[in-house]
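Asks: Can you read through this structure? Questions will come right after.
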Amino acid sequence: MSAAQWRKAMNSAAADTVGRLPGVDPRMRPAAGAAPALPAEPDPYADQDAPRWLKFLWRHVSTRHVLALLGLLLFPFVASPFLTFQVGGQTLALGLVALSLTLLAGYGGMVSLAQMTVAGIAGYAVAILGTSGTALSLGWHWGVVLPFAVAIATASAVLVGWLSVRTEGIYTIMITLAMGVAFYYLALQNYTVFNGFQGFQRVYPPVVFGVDWRQPLPFYFLSLALALAGYFFTKYLVRSPFGVALQGIRDNPRRMNALGYNVTAHRVAAYAVAGFLAAVGGVLLVWYNGLITPGSVGTSWLINILVIAVLGGVKHPIGPFIGALIFVLLQTFAIDVIDRERFNLVIGGAFLLIVLFSPDGLLGLWSHLKSRLQRGQAVSSSMR
């Protein structure tokens with residue numbers, strides 16, 4: 001293939017993939033080989049040698065993002081410590097784990113039920129290598145424990161990806177579920193390393209710079225900083241060449257393979273990135289709970305992460321955090337209305353309603369209602 005033919009094929013693939021990007025109006029999809037449409041507002045950094053992160057912020061951060069950020073920053077100062085820690089901190093930590101599933105499912109077409117397993121591996125690594133109320137902990141310094149825990153969990157995600165990327169659909173789901181269940185029983189039955197069903201108690205974050213990071217306010221801002229980093233990183237990644245190629249593989253792996261892309265390598269790399277996000281969320285969760293047990297990586301939590309991602313919308317990076325907020329609010333306050341044992345019935349009912357009426361989650365439902373309102377306003381204005 002000549003250079004000109006290769007460029008033509010690449011432009012065609014890029015146009016076809018960009019047209020399928022989440023949030024792109026199907027009517028605005030560029031034709032094969034056509035240049036993308038210019039933004040409505042002039043970009044002051046288009047012809048400048050500004051850093052790429054500054055150009056990214058200008059193009060993708062709007063007024064609603066700024067207002068949302070201000071709301072998140074002010075929330076702990078107007079809410080009670082209970083809401084700050086129990087709702088805010090837990091939502092951000094769970095949302096970060098669900099974000100890893102969104103990256104795989106929404107942009108890679110790979111539904112993995114092992115993301116909570118990866119997060120649990122990171123949590124167990126923190127408890128085993130660090131300090132806890134269990135004599136099995138090695139007592140390493142937190143500056144060594146955290147990189148090791150994230151690296152071990154990311155390597156585990158690579159292994160999961162390497163074993164599952166050659167399958168599709170229900171087979172991927174079953175393989176990742178089998179790996180998650182296998183790790184659960186390993187942690188449950190192994191007392192030498194994982195301390196069996198008792199797990200590790202009193203696994204607290206370190207006191208750094210004189211700050212107890214398990215207090216509601218510090219833990220909330222730590223979780224918020226990591227969640228924002230994961231969110232903007234994902235937004236940037238899915239629009240990078242790697243992210244566009246991953247979405248092309250999701251839509252048509254055979255065509256991308258014919259264009260010279262290594263489909264397996266891209267999918268395994270996506271598992272690695274998602275594993276890193278899940279590992280960071282797992283560290284936050286073990287610090288939030290103060291413990292890690294086999295129940296933390298049980299089958300129910302493997303499913304809950306999928307429910308959280310679907311509730312918010314798997315095609316939007318902000319969706320997992322919205323789904324996590326709904327999940328935590330129901331988990332926290334639904335028990336005041338119904339029995340604790342029937343909480344899963346409420347979550348299952350909400351999940352069923354979302355799947356039936358809006359396969360793209362709450363954000364998809366909001367987009368549908370917004371488009372209907374806009375059409376209604378347009379019709380009413382034209383009839384005047």
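Every chain in the structure tokens takes a letter, A first, then B, and so on in the order presented; its residues are numbered from 1, and the ligands are numbered from 1 following the presented order.
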Please report, as CSV, each residue of stretch 226-255 of chain A lying at most 10 Å from stretch 303-316 of chain A, together with the nearest pair of atoms and the separation in Å rounded to one decimal; use only C-alpha atoms, and order rows by chain and ascending residue number.

Replies:
```
residue,atom,partner,partner_atom,distance
A:Tyr231,CA,A:His316,CA,9.9
A:Thr234,CA,A:His316,CA,9.8
A:Lys235,CA,A:His316,CA,8.9
```

Asks: For the residues selected in the previous step, produce a file with all heavy atoms as a compact mmCIF listing (two decimals), in the first residue's frame.

Replies:
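again-v7.txt was written with the following content:
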```
# COMPACT_ATOMS: atom_id res chain seq x y z
N TYR A 231 -11.37 11.45 35.83
CA TYR A 231 -12.38 11.91 34.87
C TYR A 231 -11.73 12.64 33.69
O TYR A 231 -12.00 12.32 32.51
CB TYR A 231 -13.38 12.81 35.58
CG TYR A 231 -14.32 13.55 34.64
CD1 TYR A 231 -15.38 12.90 34.03
CD2 TYR A 231 -14.12 14.90 34.37
CE1 TYR A 231 -16.23 13.57 33.17
CE2 TYR A 231 -14.96 15.59 33.51
CZ TYR A 231 -16.02 14.92 32.91
OH TYR A 231 -16.85 15.59 32.06
N THR A 234 -9.66 10.35 31.51
CA THR A 234 -10.49 9.53 30.62
C THR A 234 -11.02 10.36 29.46
O THR A 234 -11.02 9.91 28.31
CB THR A 234 -11.64 8.90 31.39
OG1 THR A 234 -11.12 8.12 32.49
CG2 THR A 234 -12.48 7.99 30.51
N LYS A 235 -11.48 11.60 29.76
CA LYS A 235 -11.96 12.48 28.70
C LYS A 235 -10.86 12.72 27.67
O LYS A 235 -11.13 12.76 26.46
CB LYS A 235 -12.42 13.80 29.30
CG LYS A 235 -13.69 13.71 30.12
CD LYS A 235 -14.94 13.80 29.24
CE LYS A 235 -15.14 15.17 28.69
NZ LYS A 235 -16.41 15.29 27.93
```

Asks: If you measure from atom CA of A:Ala229 to atom CA of A:Leu329, what distance in Å do you get, rounded to one decimal?

Replies: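 Atom CA of A:Ala229 sits 23.6 Å away from atom CA of A:Leu329.
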
Asks: Within 10 Å of stretch 200-206 of chain A, which residues of stretch 85-183 of chain A come that close, and what is the closest atom pair and distance in Å for each? Count only C-alpha atoms and give it as JSON lines.

Replies:
```
{"residue": "A:Gly123", "atom": "CA", "partner": "A:Val203", "partner_atom": "CA", "distance": 9.2}
{"residue": "A:Tyr124", "atom": "CA", "partner": "A:Phe200", "partner_atom": "CA", "distance": 8.0}
{"residue": "A:Val126", "atom": "CA", "partner": "A:Val203", "partner_atom": "CA", "distance": 8.0}
{"residue": "A:Ala127", "atom": "CA", "partner": "A:Val203", "partner_atom": "CA", "distance": 6.0}
{"residue": "A:Ile128", "atom": "CA", "partner": "A:Phe200", "partner_atom": "CA", "distance": 8.0}
{"residue": "A:Gly130", "atom": "CA", "partner": "A:Val203", "partner_atom": "CA", "distance": 8.3}
{"residue": "A:Thr131", "atom": "CA", "partner": "A:Val203", "partner_atom": "CA", "distance": 6.6}
{"residue": "A:Ser132", "atom": "CA", "partner": "A:Val203", "partner_atom": "CA", "distance": 4.7}
{"residue": "A:Gly133", "atom": "CA", "partner": "A:Arg202", "partner_atom": "CA", "distance": 5.2}
{"residue": "A:Thr134", "atom": "CA", "partner": "A:Phe200", "partner_atom": "CA", "distance": 5.9}
{"residue": "A:Ala135", "atom": "CA", "partner": "A:Phe200", "partner_atom": "CA", "distance": 9.2}
{"residue": "A:Leu136", "atom": "CA", "partner": "A:Phe200", "partner_atom": "CA", "distance": 8.6}
{"residue": "A:Ser137", "atom": "CA", "partner": "A:Phe200", "partner_atom": "CA", "distance": 8.4}
{"residue": "A:His141", "atom": "CA", "partner": "A:Pro206", "partner_atom": "CA", "distance": 9.2}
{"residue": "A:Trp142", "atom": "CA", "partner": "A:Pro206", "partner_atom": "CA", "distance": 6.9}
{"residue": "A:Gly143", "atom": "CA", "partner": "A:Pro206", "partner_atom": "CA", "distance": 9.6}
```

Asks: Quick one: write out the picked residues with N, CA, C and O atoms as a compact mmCIF listing (two decimals), in the first residue's frame?

Replies:
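The resulting file, selection23.txt, is reproduced below:
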```txt
# COMPACT_ATOMS: atom_id res chain seq x y z
N GLY A 123 -6.73 -3.15 47.35
CA GLY A 123 -7.04 -3.00 48.76
C GLY A 123 -6.34 -4.03 49.62
O GLY A 123 -5.79 -3.71 50.69
N TYR A 124 -6.33 -5.27 49.17
CA TYR A 124 -5.61 -6.32 49.91
C TYR A 124 -4.11 -6.04 49.94
O TYR A 124 -3.45 -6.29 50.96
N VAL A 126 -2.66 -3.12 49.94
CA VAL A 126 -2.43 -2.07 50.93
C VAL A 126 -2.47 -2.65 52.34
O VAL A 126 -1.64 -2.30 53.20
N ALA A 127 -3.43 -3.55 52.60
CA ALA A 127 -3.56 -4.13 53.94
C ALA A 127 -2.42 -5.09 54.26
O ALA A 127 -1.92 -5.12 55.40
N ILE A 128 -1.99 -5.87 53.29
CA ILE A 128 -0.94 -6.87 53.54
C ILE A 128 0.43 -6.21 53.66
O ILE A 128 1.20 -6.51 54.58
N GLY A 130 1.07 -2.91 54.09
CA GLY A 130 1.10 -1.78 55.02
C GLY A 130 0.84 -2.20 56.45
O GLY A 130 1.29 -3.25 56.91
N THR A 131 0.09 -1.35 57.14
CA THR A 131 -0.21 -1.60 58.56
C THR A 131 -1.71 -1.78 58.74
O THR A 131 -2.51 -1.17 58.04
N SER A 132 -2.07 -2.64 59.68
CA SER A 132 -3.47 -2.88 60.00
C SER A 132 -3.53 -3.44 61.41
O SER A 132 -2.51 -3.54 62.10
N GLY A 133 -4.74 -3.85 61.81
CA GLY A 133 -4.89 -4.48 63.11
C GLY A 133 -4.63 -5.97 63.09
O GLY A 133 -4.87 -6.65 64.09
N THR A 134 -4.11 -6.49 61.99
CA THR A 134 -3.82 -7.91 61.83
C THR A 134 -2.32 -8.14 61.82
O THR A 134 -1.57 -7.38 61.19
N ALA A 135 -1.88 -9.19 62.49
CA ALA A 135 -0.43 -9.44 62.60
C ALA A 135 0.21 -9.84 61.28
O ALA A 135 1.43 -9.78 61.14
N LEU A 136 -0.60 -10.22 60.28
CA LEU A 136 -0.04 -10.63 59.00
C LEU A 136 0.52 -9.46 58.20
O LEU A 136 1.32 -9.66 57.28
N SER A 137 0.11 -8.24 58.50
CA SER A 137 0.57 -7.08 57.75
C SER A 137 2.07 -6.88 57.95
O SER A 137 2.60 -7.07 59.05
N HIS A 141 6.35 1.19 54.72
CA HIS A 141 6.01 2.61 54.67
C HIS A 141 4.98 2.85 53.57
O HIS A 141 5.02 2.23 52.51
N TRP A 142 4.06 3.79 53.81
CA TRP A 142 2.99 4.02 52.86
C TRP A 142 3.51 4.49 51.50
O TRP A 142 2.89 4.22 50.47
N GLY A 143 4.65 5.18 51.49
CA GLY A 143 5.23 5.62 50.23
C GLY A 143 5.68 4.48 49.35
O GLY A 143 5.81 4.64 48.12
```

Asks: Kindly indicate which residue among A:Ala334, A:Ile318, A:Leu159, A:Leu228 lies nearest to A:Met179, using only C-alpha atoms for the distances.

Replies: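 Checking each candidate against A:Met179, we get A:Leu159 as the closest.
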
Asks: I'd like the interatomic distance between atom CA of A:Ala79 and atom CA of A:Thr332, to a tenth of an Å.

Replies: 15.3 Å

Asks: Once DSSP has gone over the backbone, tell me which residues of stretch 101-250 of chain A are in helix (DSSP H, G or I), as a ChimeraX atom specification.

Replies: /A:101-108,115-129,142-164,170-189,196-198,216-238,241-250

Asks: For stretch 215-222 of chain A, please output as a PyMOL selection string all residues within 9 Å (counting only C-alpha atoms; exclusion window: fewer than 2 positions along the same chain).

Replies: chain A and resi 73+76-77+81-86+88-90+92+211-213+224-227+284+287-288

Asks: Excluding stretch 295-298 of chain A and any residue of its chain fewer than 3 positions from it, enumerate the residues within 12 Å of it, using only C-alpha atoms, and give them as a PyMOL selection string.

Replies: chain A and resi 113-124+177-188+196-200+282+285-286+289-292+301-305

Asks: Record the distance separating atom CA of A:Val158 and atom CA of A:Ala272, expressed in Å with one decimal.

Replies: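 Atom CA of A:Ala272 lies at a distance of 5.1 Å from atom CA of A:Val158.
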
Asks: Tell me, which residues of stretch 141-229 of chain A carry DSSP strand (DSSP E or B), written as a list in words?

Replies: Phe200, Gln201, Val207, Val208, Val211 and Asp212 of chain A

Asks: Would you mind telling me which residue in A:Leu72, A:Leu104, A:Ala157, A:Val111 lies nearest to A:Gly243 when using only C-alpha atoms?

Replies: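 The shortest atom-to-atom distance to A:Gly243 comes from A:Leu104.
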